[in-house]
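Text of upload23.cif (mmCIF, C-alpha atoms and all ligand atoms) as supplied:
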```
data_upload
#
loop_
_atom_site.label_atom_id
_atom_site.label_comp_id
_atom_site.auth_asym_id
_atom_site.auth_seq_id
_atom_site.Cartn_x
_atom_site.Cartn_y
_atom_site.Cartn_z
CA MET A 89 51.75 -31.26 -40.39
CA LYS A 90 49.49 -28.67 -41.97
CA THR A 91 46.37 -29.97 -43.74
CA LEU A 92 46.56 -29.09 -47.43
CA LEU A 93 43.42 -30.81 -48.68
CA LYS A 94 40.30 -31.54 -46.69
CA ILE A 95 37.45 -33.48 -48.29
CA GLU A 96 34.24 -33.56 -46.27
CA ASN A 97 31.37 -35.93 -46.91
CA ILE A 98 31.57 -35.85 -50.72
CA THR A 99 28.86 -37.57 -52.73
CA LYS A 100 28.91 -37.74 -56.54
CA ARG A 101 26.22 -39.46 -58.61
CA PHE A 102 25.95 -40.21 -62.31
CA GLY A 103 22.26 -40.90 -62.86
CA GLY A 104 21.57 -43.96 -60.73
CA ILE A 105 25.26 -44.70 -60.06
CA VAL A 106 26.68 -43.44 -56.79
CA ALA A 107 30.32 -42.98 -57.81
CA LEU A 108 31.34 -41.44 -54.46
CA LYS A 109 29.42 -41.83 -51.23
CA ASN A 110 30.10 -39.64 -48.17
CA VAL A 111 33.85 -39.64 -48.72
CA ASP A 112 36.02 -37.90 -46.11
CA LEU A 113 39.74 -37.49 -46.65
CA GLU A 114 42.54 -35.26 -45.41
CA ILE A 115 45.96 -34.84 -46.96
CA SER A 116 48.79 -33.12 -45.12
CA GLN A 117 51.43 -30.99 -46.74
CA GLY A 118 54.32 -33.10 -48.05
CA GLU A 119 52.56 -36.48 -48.00
CA ILE A 120 52.48 -39.08 -50.76
CA VAL A 121 49.05 -40.71 -50.49
CA GLY A 122 47.98 -43.73 -52.53
CA LEU A 123 44.38 -44.12 -53.70
CA ILE A 124 43.49 -47.73 -54.48
CA GLY A 125 40.39 -49.81 -55.11
CA PRO A 126 38.77 -52.05 -57.74
CA ASN A 127 37.85 -50.83 -61.24
CA GLY A 128 34.88 -48.49 -61.06
CA SER A 129 35.29 -47.79 -57.33
CA GLY A 130 35.40 -44.01 -57.83
CA LYS A 131 39.13 -43.22 -57.83
CA THR A 132 39.20 -41.15 -61.03
CA THR A 133 35.90 -39.54 -60.05
CA LEU A 134 37.51 -38.35 -56.81
CA ILE A 135 40.33 -36.68 -58.77
CA ASN A 136 37.73 -35.19 -61.14
CA VAL A 137 35.74 -33.78 -58.23
CA ILE A 138 38.84 -32.32 -56.51
CA SER A 139 40.04 -30.73 -59.76
CA GLY A 140 36.59 -29.29 -60.55
CA VAL A 141 35.76 -31.39 -63.62
CA TYR A 142 32.63 -32.65 -61.83
CA LYS A 143 30.63 -30.91 -59.12
CA PRO A 144 29.58 -33.11 -56.21
CA GLU A 145 25.94 -33.34 -55.12
CA ALA A 146 26.94 -33.02 -51.48
CA GLY A 147 29.98 -32.23 -49.39
CA ARG A 148 32.79 -29.74 -49.33
CA ILE A 149 36.42 -29.57 -50.48
CA LEU A 150 38.89 -27.23 -48.85
CA PHE A 151 42.30 -26.64 -50.40
CA ASN A 152 44.77 -24.57 -48.43
CA GLY A 153 41.83 -23.19 -46.49
CA HIS A 154 39.90 -22.13 -49.64
CA ASP A 155 36.53 -23.69 -50.35
CA ILE A 156 37.05 -24.98 -53.93
CA THR A 157 33.91 -27.15 -54.12
CA ARG A 158 32.12 -25.00 -56.70
CA LYS A 159 35.12 -23.45 -58.43
CA SER A 160 35.99 -24.00 -62.10
CA PRO A 161 38.84 -26.35 -63.09
CA GLU A 162 40.82 -23.29 -64.26
CA ASP A 163 40.51 -21.54 -60.90
CA ILE A 164 41.34 -24.72 -58.98
CA CYS A 165 44.41 -25.22 -61.15
CA ARG A 166 45.56 -21.65 -60.54
CA LEU A 167 45.10 -22.08 -56.80
CA GLY A 168 47.66 -24.90 -57.02
CA VAL A 169 46.02 -28.24 -57.81
CA GLY A 170 47.67 -30.03 -60.76
CA ARG A 171 46.62 -33.36 -62.24
CA THR A 172 47.30 -35.92 -64.92
CA PHE A 173 44.60 -37.80 -66.84
CA GLN A 174 44.17 -41.58 -66.94
CA ILE A 175 43.85 -41.19 -70.71
CA ALA A 176 46.56 -38.80 -71.98
CA GLN A 177 45.17 -35.39 -72.88
CA SER A 178 48.16 -33.73 -74.57
CA PHE A 179 47.62 -31.78 -77.79
CA PRO A 180 48.69 -34.36 -80.44
CA SER A 181 49.99 -32.02 -83.13
CA LEU A 182 51.87 -29.71 -80.73
CA THR A 183 55.48 -30.51 -79.85
CA VAL A 184 56.57 -31.55 -76.37
CA ARG A 185 57.86 -28.01 -75.73
CA GLU A 186 54.61 -26.40 -76.92
CA ASN A 187 52.51 -28.75 -74.80
CA VAL A 188 54.51 -28.02 -71.66
CA LYS A 189 54.53 -24.31 -72.45
CA ALA A 190 50.73 -24.29 -72.63
CA GLY A 191 50.58 -25.64 -69.07
CA TYR A 192 53.31 -23.28 -67.90
CA ILE A 193 51.69 -20.13 -69.24
CA PHE A 194 48.25 -21.23 -68.07
CA GLY A 195 49.46 -21.72 -64.51
CA LYS A 196 51.23 -18.39 -64.58
CA VAL A 197 48.32 -16.25 -65.70
CA GLY A 198 48.53 -12.90 -63.99
CA LYS A 199 52.21 -13.39 -63.16
CA LYS A 200 54.83 -11.64 -65.26
CA ASP A 201 57.46 -13.94 -66.70
CA SER A 202 59.62 -12.72 -69.57
CA SER A 203 59.55 -14.98 -72.59
CA ARG A 204 63.11 -16.01 -71.76
CA GLU A 205 62.07 -17.04 -68.24
CA VAL A 206 59.20 -19.04 -69.72
CA GLU A 207 61.53 -20.83 -72.16
CA ARG A 208 63.96 -21.63 -69.36
CA GLY A 209 61.22 -22.86 -67.03
CA VAL A 210 59.73 -25.06 -69.74
CA ASP A 211 63.11 -26.57 -70.68
CA GLU A 212 63.86 -27.32 -67.02
CA ILE A 213 60.62 -29.27 -66.63
CA ILE A 214 61.22 -31.18 -69.88
CA GLU A 215 64.67 -32.16 -68.65
CA TYR A 216 63.31 -33.03 -65.20
CA VAL A 217 60.94 -35.65 -66.62
CA GLY A 218 63.62 -36.99 -68.98
CA LEU A 219 62.24 -35.75 -72.30
CA SER A 220 65.11 -33.45 -73.28
CA GLY A 221 65.84 -35.10 -76.60
CA LYS A 222 62.17 -34.91 -77.57
CA SER A 223 61.42 -31.20 -77.15
CA ASP A 224 60.61 -30.69 -80.83
CA THR A 225 58.72 -33.97 -81.34
CA PRO A 226 54.94 -33.71 -81.78
CA ALA A 227 53.05 -35.46 -78.97
CA LYS A 228 51.41 -37.83 -81.47
CA ASP A 229 54.85 -39.30 -82.34
CA LEU A 230 55.76 -40.15 -78.74
CA THR A 231 55.80 -43.66 -77.30
CA VAL A 232 53.34 -44.53 -74.53
CA VAL A 233 56.10 -44.10 -71.94
CA GLU A 234 57.08 -40.69 -73.31
CA LEU A 235 53.43 -39.59 -73.40
CA LYS A 236 53.11 -40.42 -69.69
CA ARG A 237 56.14 -38.26 -69.00
CA LEU A 238 54.63 -35.44 -71.06
CA GLU A 239 51.40 -35.69 -69.04
CA LEU A 240 53.45 -35.34 -65.89
CA ALA A 241 55.44 -32.43 -67.34
CA ARG A 242 52.23 -30.62 -68.28
CA ALA A 243 50.88 -31.03 -64.76
CA LEU A 244 54.19 -29.90 -63.20
CA ALA A 245 54.31 -26.89 -65.50
CA THR A 246 51.28 -25.38 -63.74
CA ARG A 247 53.45 -25.33 -60.54
CA PRO A 248 50.97 -27.15 -58.31
CA ALA A 249 51.21 -27.48 -54.54
CA LEU A 250 49.09 -30.63 -54.79
CA LEU A 251 49.67 -33.07 -57.63
CA LEU A 252 47.02 -35.70 -58.46
CA LEU A 253 48.35 -38.58 -60.56
CA ASP A 254 45.96 -41.02 -62.26
CA GLU A 255 47.72 -44.30 -63.14
CA ILE A 256 50.95 -42.81 -64.51
CA PHE A 257 52.85 -46.11 -64.18
CA THR A 258 50.58 -48.22 -66.38
CA GLY A 259 52.35 -49.71 -69.40
CA LEU A 260 55.85 -49.24 -67.99
CA ASN A 261 58.39 -52.06 -67.62
CA VAL A 262 60.22 -52.70 -64.34
CA ALA A 263 63.16 -50.39 -65.13
CA GLN A 264 60.82 -47.60 -66.25
CA ILE A 265 58.71 -48.06 -63.12
CA ASN A 266 61.80 -47.66 -60.94
CA GLU A 267 62.76 -44.48 -62.78
CA ALA A 268 59.25 -43.12 -62.40
CA ILE A 269 59.25 -43.94 -58.66
CA SER A 270 62.45 -41.91 -58.20
CA LEU A 271 60.95 -39.08 -60.22
CA VAL A 272 57.86 -38.94 -58.01
CA ARG A 273 60.09 -38.96 -54.91
CA ARG A 274 62.14 -36.07 -56.33
CA ILE A 275 58.96 -34.13 -57.08
CA ARG A 276 57.88 -34.50 -53.47
CA GLU A 277 61.35 -33.47 -52.24
CA GLY A 278 60.85 -30.35 -54.34
CA GLY A 279 57.98 -29.48 -51.98
CA MET A 280 54.89 -30.92 -53.63
CA THR A 281 52.19 -33.01 -52.00
CA ILE A 282 51.06 -35.99 -54.06
CA MET A 283 48.02 -38.23 -54.29
CA LEU A 284 48.32 -41.07 -56.77
CA ILE A 285 45.97 -43.70 -58.11
CA GLU A 286 47.77 -46.98 -58.73
CA HIS A 287 46.82 -50.64 -59.18
CA ASN A 288 50.35 -52.04 -58.88
CA MET A 289 50.72 -52.74 -55.15
CA ARG A 290 54.51 -52.97 -55.35
CA ILE A 291 54.55 -49.33 -56.42
CA VAL A 292 52.00 -48.35 -53.77
CA MET A 293 53.99 -50.10 -51.00
CA ASN A 294 57.22 -48.55 -52.23
CA LEU A 295 56.09 -44.99 -52.65
CA CYS A 296 53.11 -44.16 -50.44
CA GLU A 297 53.19 -43.25 -46.76
CA ARG A 298 49.45 -43.58 -46.46
CA VAL A 299 46.87 -45.45 -48.50
CA VAL A 300 43.16 -44.81 -48.92
CA VAL A 301 40.92 -47.60 -50.22
CA LEU A 302 37.70 -47.01 -52.15
CA HIS A 303 35.09 -49.70 -52.77
CA PHE A 304 31.82 -48.92 -54.60
CA GLY A 305 32.43 -45.22 -53.98
CA GLU A 306 32.97 -45.57 -50.24
CA LYS A 307 36.17 -45.20 -48.28
CA ILE A 308 36.54 -48.60 -46.64
CA ALA A 309 40.03 -48.22 -45.18
CA GLU A 310 42.90 -45.86 -44.64
CA GLY A 311 46.33 -46.35 -43.11
CA ARG A 312 49.99 -47.11 -43.65
CA PRO A 313 50.59 -49.47 -46.61
CA GLU A 314 51.65 -52.40 -44.41
CA GLU A 315 48.52 -51.94 -42.27
CA ILE A 316 46.25 -51.75 -45.30
CA THR A 317 47.47 -55.02 -46.80
CA ARG A 318 46.56 -56.81 -43.54
CA MET A 319 43.02 -55.44 -43.27
CA GLU A 320 40.47 -58.12 -43.97
CA ALA A 321 37.98 -55.75 -45.62
CA VAL A 322 40.65 -54.57 -48.06
CA VAL A 323 41.80 -58.07 -48.90
CA ARG A 324 38.20 -59.11 -49.47
CA ALA A 325 37.27 -56.08 -51.58
CA TYR A 326 40.42 -55.64 -53.60
CA LEU A 327 43.69 -57.36 -52.81
CA GLY A 328 42.26 -60.88 -52.82
CA GLU A 329 41.22 -60.57 -56.43
CA LYS A 330 44.77 -59.50 -57.35
CA TYR A 331 46.72 -62.15 -55.50
CA THR A 332 44.56 -65.26 -55.75
N1 LIG B 1 31.11 -39.24 -66.75
C1 LIG B 1 30.50 -40.30 -66.24
N2 LIG B 1 29.22 -40.60 -66.57
C2 LIG B 1 28.59 -41.68 -66.05
N3 LIG B 1 29.19 -42.53 -65.19
C3 LIG B 1 30.45 -42.30 -64.84
C4 LIG B 1 31.18 -41.18 -65.34
N4 LIG B 1 32.43 -41.20 -64.80
C5 LIG B 1 32.48 -42.29 -64.01
N5 LIG B 1 31.29 -42.95 -64.02
C6 LIG B 1 30.95 -44.17 -63.25
O1 LIG B 1 31.32 -43.94 -61.90
C7 LIG B 1 31.90 -45.10 -61.32
C8 LIG B 1 33.31 -44.79 -60.86
O2 LIG B 1 34.15 -44.61 -61.99
P1 LIG B 1 35.67 -44.17 -61.89
O3 LIG B 1 36.13 -43.90 -63.28
O4 LIG B 1 35.81 -43.09 -60.89
O5 LIG B 1 36.35 -45.50 -61.34
P2 LIG B 1 37.89 -45.85 -61.10
O6 LIG B 1 38.00 -46.29 -59.68
O7 LIG B 1 38.76 -44.74 -61.57
O8 LIG B 1 38.08 -47.14 -62.03
P3 LIG B 1 39.37 -47.64 -62.90
O9 LIG B 1 40.28 -48.34 -61.93
O10 LIG B 1 38.76 -48.61 -63.88
O11 LIG B 1 40.00 -46.45 -63.56
C9 LIG B 1 31.83 -46.18 -62.40
O12 LIG B 1 30.66 -46.91 -62.21
C10 LIG B 1 31.76 -45.38 -63.68
O13 LIG B 1 31.10 -46.10 -64.70
MG MG B 2 40.18 -44.54 -63.03
#
```
I need this file expressed as C-alpha cells, please.
Ligand SMILES: Nc1ncnc2c1ncn2[C@@H]1O[C@H](COP(=O)(O)OP(=O)(O)OP(=O)(O)O)[C@@H](O)[C@H]1O
Ligand SMILES: [Mg+2]
Amino acid sequence: MKTLLKIENITKRFGGIVALKNVDLEISQGEIVGLIGPNGSGKTTLINVISGVYKPEAGRILFNGHDITRKSPEDICRLGVGRTFQIAQSFPSLTVRENVKAGYIFGKVGKKDSSREVERGVDEIIEYVGLSGKSDTPAKDLTVVELKRLELARALATRPALLLLDEIFTGLNVAQINEAISLVRRIREGGMTIMLIEHNMRIVMNLCERVVVLHFGEKIAEGRPEEITRMEAVVRAYLGEKYT
C-alpha cells in the first residue's frame, strides 16, 4: 500500500519537557491506526505536530510526498489533513450547519462550489454523522455526545485524505460507542485514512489494524492490536495500569 504519512525522527520539546523524542511512524493509505499510551505520553502533541499547530525541533513530516514540517495549519489542512480536538473547538454561538459550513468552505478555498452545492455538501455531512435534527441548534446547546459528532463533522467537511481523531469516544455509553465505531468504519470505506487516539482498549482492538504505543514521548511498540497487548513493555508502561 502507498505511504500517505511518513514521520521521520520527530522531536518536540516544551521548555524542559521532551514531549516527543525521535518518533518515526508511517501510515499507509486506507489504514486505521490507533495511537495509545499513558496520559502525557505525547499523543495529542503528535497530532498537533502533524497538523502544524506546533513546529518540531527536529525531524521531518511527509504527507503524500509533500514536506509539511514547516507549513501552517491552514496549508496542511488544505493539503488534506483533517483533525478533531481533544477539547471541542466548535464556535459555540454558531449553529451546527454554520459550524460545518465554516469547515467546508475553508477546505474548499480556491475551488468553485455554487452556494447550492455547498448547502448540499454540508447537509450530507450533518446527516452522515447523525445530527440531521440539530442543524439549526447552536453548538453551545448540544449535548457532549452531539458536540463530539459536530467535531467530527467539522473535520470531515474539510474533505481530508488523512483524518486525525483525538479521543472522540470519551463520554459515550456502550450503544453510542458502537454507533461511533460503525461511523469511523464507514468513513474509512469512503476512502479516508485514519489515525485515532483512544484509551478504551476495547475500541482500539475492535477498530484498529495497527497500533502505535507512546511512552514518555518515545515510540515503544508498534504492531497488530493482538500483538501489542502481549508485549511486555506495553503491558508494563500502559496496559498494566489499566487492567490491574
Ligand atoms: N502547549 C504545551 N506547553 C507545555 N507543555 C505541553 C504543551 N502541550 C503538551 N505539553 C506537555 O507535553 C507532554 C505530552 O502531552 P500530550 O498532551 O501530548 O499528552 P497525551 O498523550 O495527549 O496525554 P492525554 O492522554 O492526557 O491526553 C505532557 O508532559 C504535557 O504536559
Ligand atoms: Mg491528549
Work out where the centre of an axis-aligned box around every listed atom of ligand LIG 1 (chain B) lies and how long its edges are once 6 Å is added on each side; give both in Å to one decimal as AutoDock Vina command-line options.
```
--center_x 34.4 --center_y -43.9 --center_z -63.2 --size_x 23.7 --size_y 21.4 --size_z 19.1
```
Name the residues in contact with range 94-108 of chain A at a cut-off of 8 Å, using all atoms listed in the file, excluding same-chain residues fewer than 5 positions from it; report them as a list in words.
Leu113, Glu114, Ile115, Gly128, Ser129, Gly130, Thr133, Leu134, Lys143, Pro144, Glu145, Ala146, Gly147, Arg148, Ile149, Leu150, Phe151, Phe304, Gly305 and Glu306 of chain A
Surrounding residues of range 314-329 of chain A excluding itself and chain neighbours under 3 positions, 12 Å, all atoms listed in the file, as number ranges by chain
A: 122-129, 287-290, 292-304, 306-311, 332
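Rounded to one decimal, atom C6 of ligand LIG 1 (chain B) and CA of Lys131 in chain A lie 9.9 Å from each other.
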Measuring atom to atom with all atoms listed in the file, identify which of A:Ile275, A:Val121, A:Ile135, A:Val206 is nearest to Val169 in chain A.
A:Ile135
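Relative to CA of Cys165 in chain A, atom C6 of ligand LIG 1 (chain B) is found at 23.3 Å.
Minimum atom-to-atom distance to ligand LIG 1 (chain B), evaluated using only C-alpha atoms and all ligand atoms, belongs to A:Leu253 out of A:Met89, A:Leu253, A:Leu182, A:Ile213.
For the pair CA of Ser139 in chain A and CA of Ile282 in chain A, the interatomic distance is 13.5 Å.
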Restricting to all atoms listed in the file, whichever of A:Ile256, A:Val262, A:Val141, A:Leu219 is closest to Gln174 in chain A is A:Ile256
Which polymer residues, whether protein, DNA or RNA, lie within 9 Å of the coordinate (55.0, -42.9, -71.1) when you count all atoms listed in the file? List them as a ChimeraX atom specification, using the chain letters and numbers from the file.
/A:230-239,256-260,264
Name all residues at most 10 Å from Leu240 in chain A (count all atoms listed in the file; drop same-chain ones fewer than 5 positions away) and give them as an MDAnalysis selection string.
chainID A and resid 170:173 176 188 213:214 217 234:235 245 251:253 256 272
Anything within 10 Å of (62.6, -31.1, -74.8): list those residues as a PyMOL selection string, counting only C-alpha atoms and sticking to the file's coordinates.
chain A and resi 183-186+188+210-225+238
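Taking all atoms listed in the file into account, ligand MG 2 (chain B) lies nearest to A:Asn136 out of the set A:Ser270, A:Asn187, A:Asn136, A:Ser181.
Among the candidate residues A:Val137, A:Ile291, A:Leu167, A:Ile193, the one lying nearest to Asn152 in chain A is A:Leu167, with distances computed using all atoms listed in the file.
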Using only C-alpha atoms, find the one residue out of A:Gln177, A:Ile156, A:Arg242, A:Asp229 that sits nearest to Phe194 in chain A.
A:Arg242
